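For reference, the structure discussed in these notes is given below.
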Amino acid sequence: MMDTITAEPTPVGVMLVEEFLKPLNISQQQLADKMQVPLELICQIIDGSHRITANEAGQLSALFNMSAEFWLNLQATHDRWKASMMISGALDAYDNLVKAVPMLGGNPSKQAYEEALVLAEHLVEHDIDHPLFKIICDKITAYEDSAPEYAEFNARIAELDKLGGYESNPSVKGSSLVKK
């Protein structure tokens with residue numbers, strides 16, 4: 001049994017191209033013509049931007065001598081996987097937010113700082129426009145500007161600034177994040 005939590009099940013479009021169109025040497029245009037649908041619809045099914053309907057599954061089943069349930073089950077399996085990924089991502093975001101709450105609340109501990117970095121990295125990957133992104137980056141920067149473990153680094157930067165040999169870099173010192 002396929003693990004639909006970590007492994008993406010085969011999308012309808014991939015199955016259609018790899019197991020039917022290519023082996024049978026059928027073009028997307030020929031399939032559109034046989035199904036009496038616009039080529040754009042076939043392209044959308046193949047690229048995954050259109051879920052197949054029961055009618056389309058019936059047409060595919062007649063053309064390829066497969067059951068309509070085969071196509072509908074393929075679509076449903078992929079839909080369930082996508083939904084589980086969305087739920088998992090939302091739960092991860094919630095967990096990251098809960099862990100970063102002390103930092104957001106003004107408790108600049110090393111652990112809260114590290115949890116804030118995790119939240120910021122999650123937001124960079126999934127929702128960089130989230131209203132918390134700038135707030136959390138500002139908290140990270142404030143921590144790095146005052147934390148004892150960055151004191152030596154901050155002192156060197158200040159000394160370079162005085163000597164005029166350093167151009168300010170907007171990078172967050174302790175991570176690969178960039179302030180916006």
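Chains: A, B, ... in order of the structure tokens. Residues: from 1 per chain. Ligands: from 1, in order shown.
Every protein, DNA or RNA residue with an atom at most 10 Å from Thr10 in chain A, where only C-alpha atoms count and chain neighbours fewer than 6 positions away do not, is listed here: Leu16, Leu74, Gln75, Thr77 and His78 of chain A.
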Export N, CA, C and O atoms of the chosen residues as a short mmCIF file (atom, residue, chain, number, x, y, z; two decimals), in the first residue's frame?
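What ended up in part-v8.cif:
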data_model
loop_
_atom_site.label_atom_id
_atom_site.label_comp_id
_atom_site.auth_asym_id
_atom_site.auth_seq_id
_atom_site.Cartn_x
_atom_site.Cartn_y
_atom_site.Cartn_z
N LEU A 16 -2.23 9.41 -17.51
CA LEU A 16 -2.77 9.52 -18.86
C LEU A 16 -1.63 9.61 -19.89
O LEU A 16 -1.63 8.87 -20.89
N LEU A 74 -8.25 7.32 -9.13
CA LEU A 74 -6.94 7.95 -9.29
C LEU A 74 -7.03 9.43 -8.87
O LEU A 74 -6.19 9.93 -8.12
N GLN A 75 -8.08 10.10 -9.34
CA GLN A 75 -8.29 11.51 -8.98
C GLN A 75 -8.54 11.65 -7.49
O GLN A 75 -7.95 12.51 -6.83
N THR A 77 -7.68 9.67 -5.00
CA THR A 77 -6.47 9.37 -4.23
C THR A 77 -5.53 10.57 -4.22
O THR A 77 -4.99 10.94 -3.17
N HIS A 78 -5.37 11.19 -5.37
CA HIS A 78 -4.50 12.36 -5.44
C HIS A 78 -5.10 13.53 -4.66
O HIS A 78 -4.38 14.26 -3.97
#
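With only C-alpha atoms as the atoms that count, the minimum distance from Pro11 in chain A to the choices A:Met35, A:His50, A:Gln28, A:Pro23 is reached by A:His50.
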### Query
So which residues touch Arg51 in chain A within 9 Å, counting only C-alpha atoms, skipping near sequence neighbours fewer than 6 positions away, as JSON, numbers by chain?
{"A": [12, 44, 45, 75, 79]}
With all heavy atoms kept, could you save the residues just selected as a compact mmCIF listing (two decimals), in the first residue's frame?
# COMPACT_ATOMS: atom_id res chain seq x y z
N VAL A 12 -3.63 12.04 -12.27
CA VAL A 12 -4.35 11.58 -13.46
C VAL A 12 -3.58 11.94 -14.72
O VAL A 12 -3.41 11.11 -15.62
CB VAL A 12 -5.78 12.18 -13.50
CG1 VAL A 12 -6.44 11.88 -14.85
CG2 VAL A 12 -6.62 11.65 -12.37
N GLN A 44 -4.99 20.96 -19.29
CA GLN A 44 -5.24 21.21 -17.87
C GLN A 44 -5.31 19.90 -17.08
O GLN A 44 -4.83 19.83 -15.95
CB GLN A 44 -6.53 22.02 -17.69
CG GLN A 44 -6.40 23.44 -18.16
CD GLN A 44 -7.73 24.19 -18.17
OE1 GLN A 44 -8.80 23.59 -18.17
NE2 GLN A 44 -7.64 25.51 -18.20
N ILE A 45 -5.89 18.88 -17.66
CA ILE A 45 -5.91 17.57 -16.99
C ILE A 45 -4.49 17.06 -16.84
O ILE A 45 -4.09 16.60 -15.77
CB ILE A 45 -6.78 16.55 -17.79
CG1 ILE A 45 -8.26 16.93 -17.70
CG2 ILE A 45 -6.55 15.13 -17.26
CD1 ILE A 45 -9.17 16.13 -18.64
N GLN A 75 -8.08 10.10 -9.34
CA GLN A 75 -8.29 11.51 -8.98
C GLN A 75 -8.54 11.65 -7.49
O GLN A 75 -7.95 12.51 -6.83
CB GLN A 75 -9.47 12.09 -9.77
CG GLN A 75 -9.71 13.57 -9.51
CD GLN A 75 -8.62 14.44 -10.08
OE1 GLN A 75 -8.40 14.46 -11.29
NE2 GLN A 75 -7.92 15.17 -9.22
N ASP A 79 -6.41 13.70 -4.74
CA ASP A 79 -7.08 14.77 -3.98
C ASP A 79 -6.89 14.58 -2.48
O ASP A 79 -6.62 15.54 -1.76
CB ASP A 79 -8.58 14.79 -4.29
CG ASP A 79 -8.89 15.29 -5.69
OD1 ASP A 79 -7.99 15.83 -6.37
OD2 ASP A 79 -10.05 15.12 -6.11
### Query
Rounded to one decimal in Å, what is the spacing between CA of Glu121 in chain A and CA of Glu152 in chain A?
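Result for CA of Glu121 in chain A versus CA of Glu152 in chain A: 25.2 Å, one decimal.
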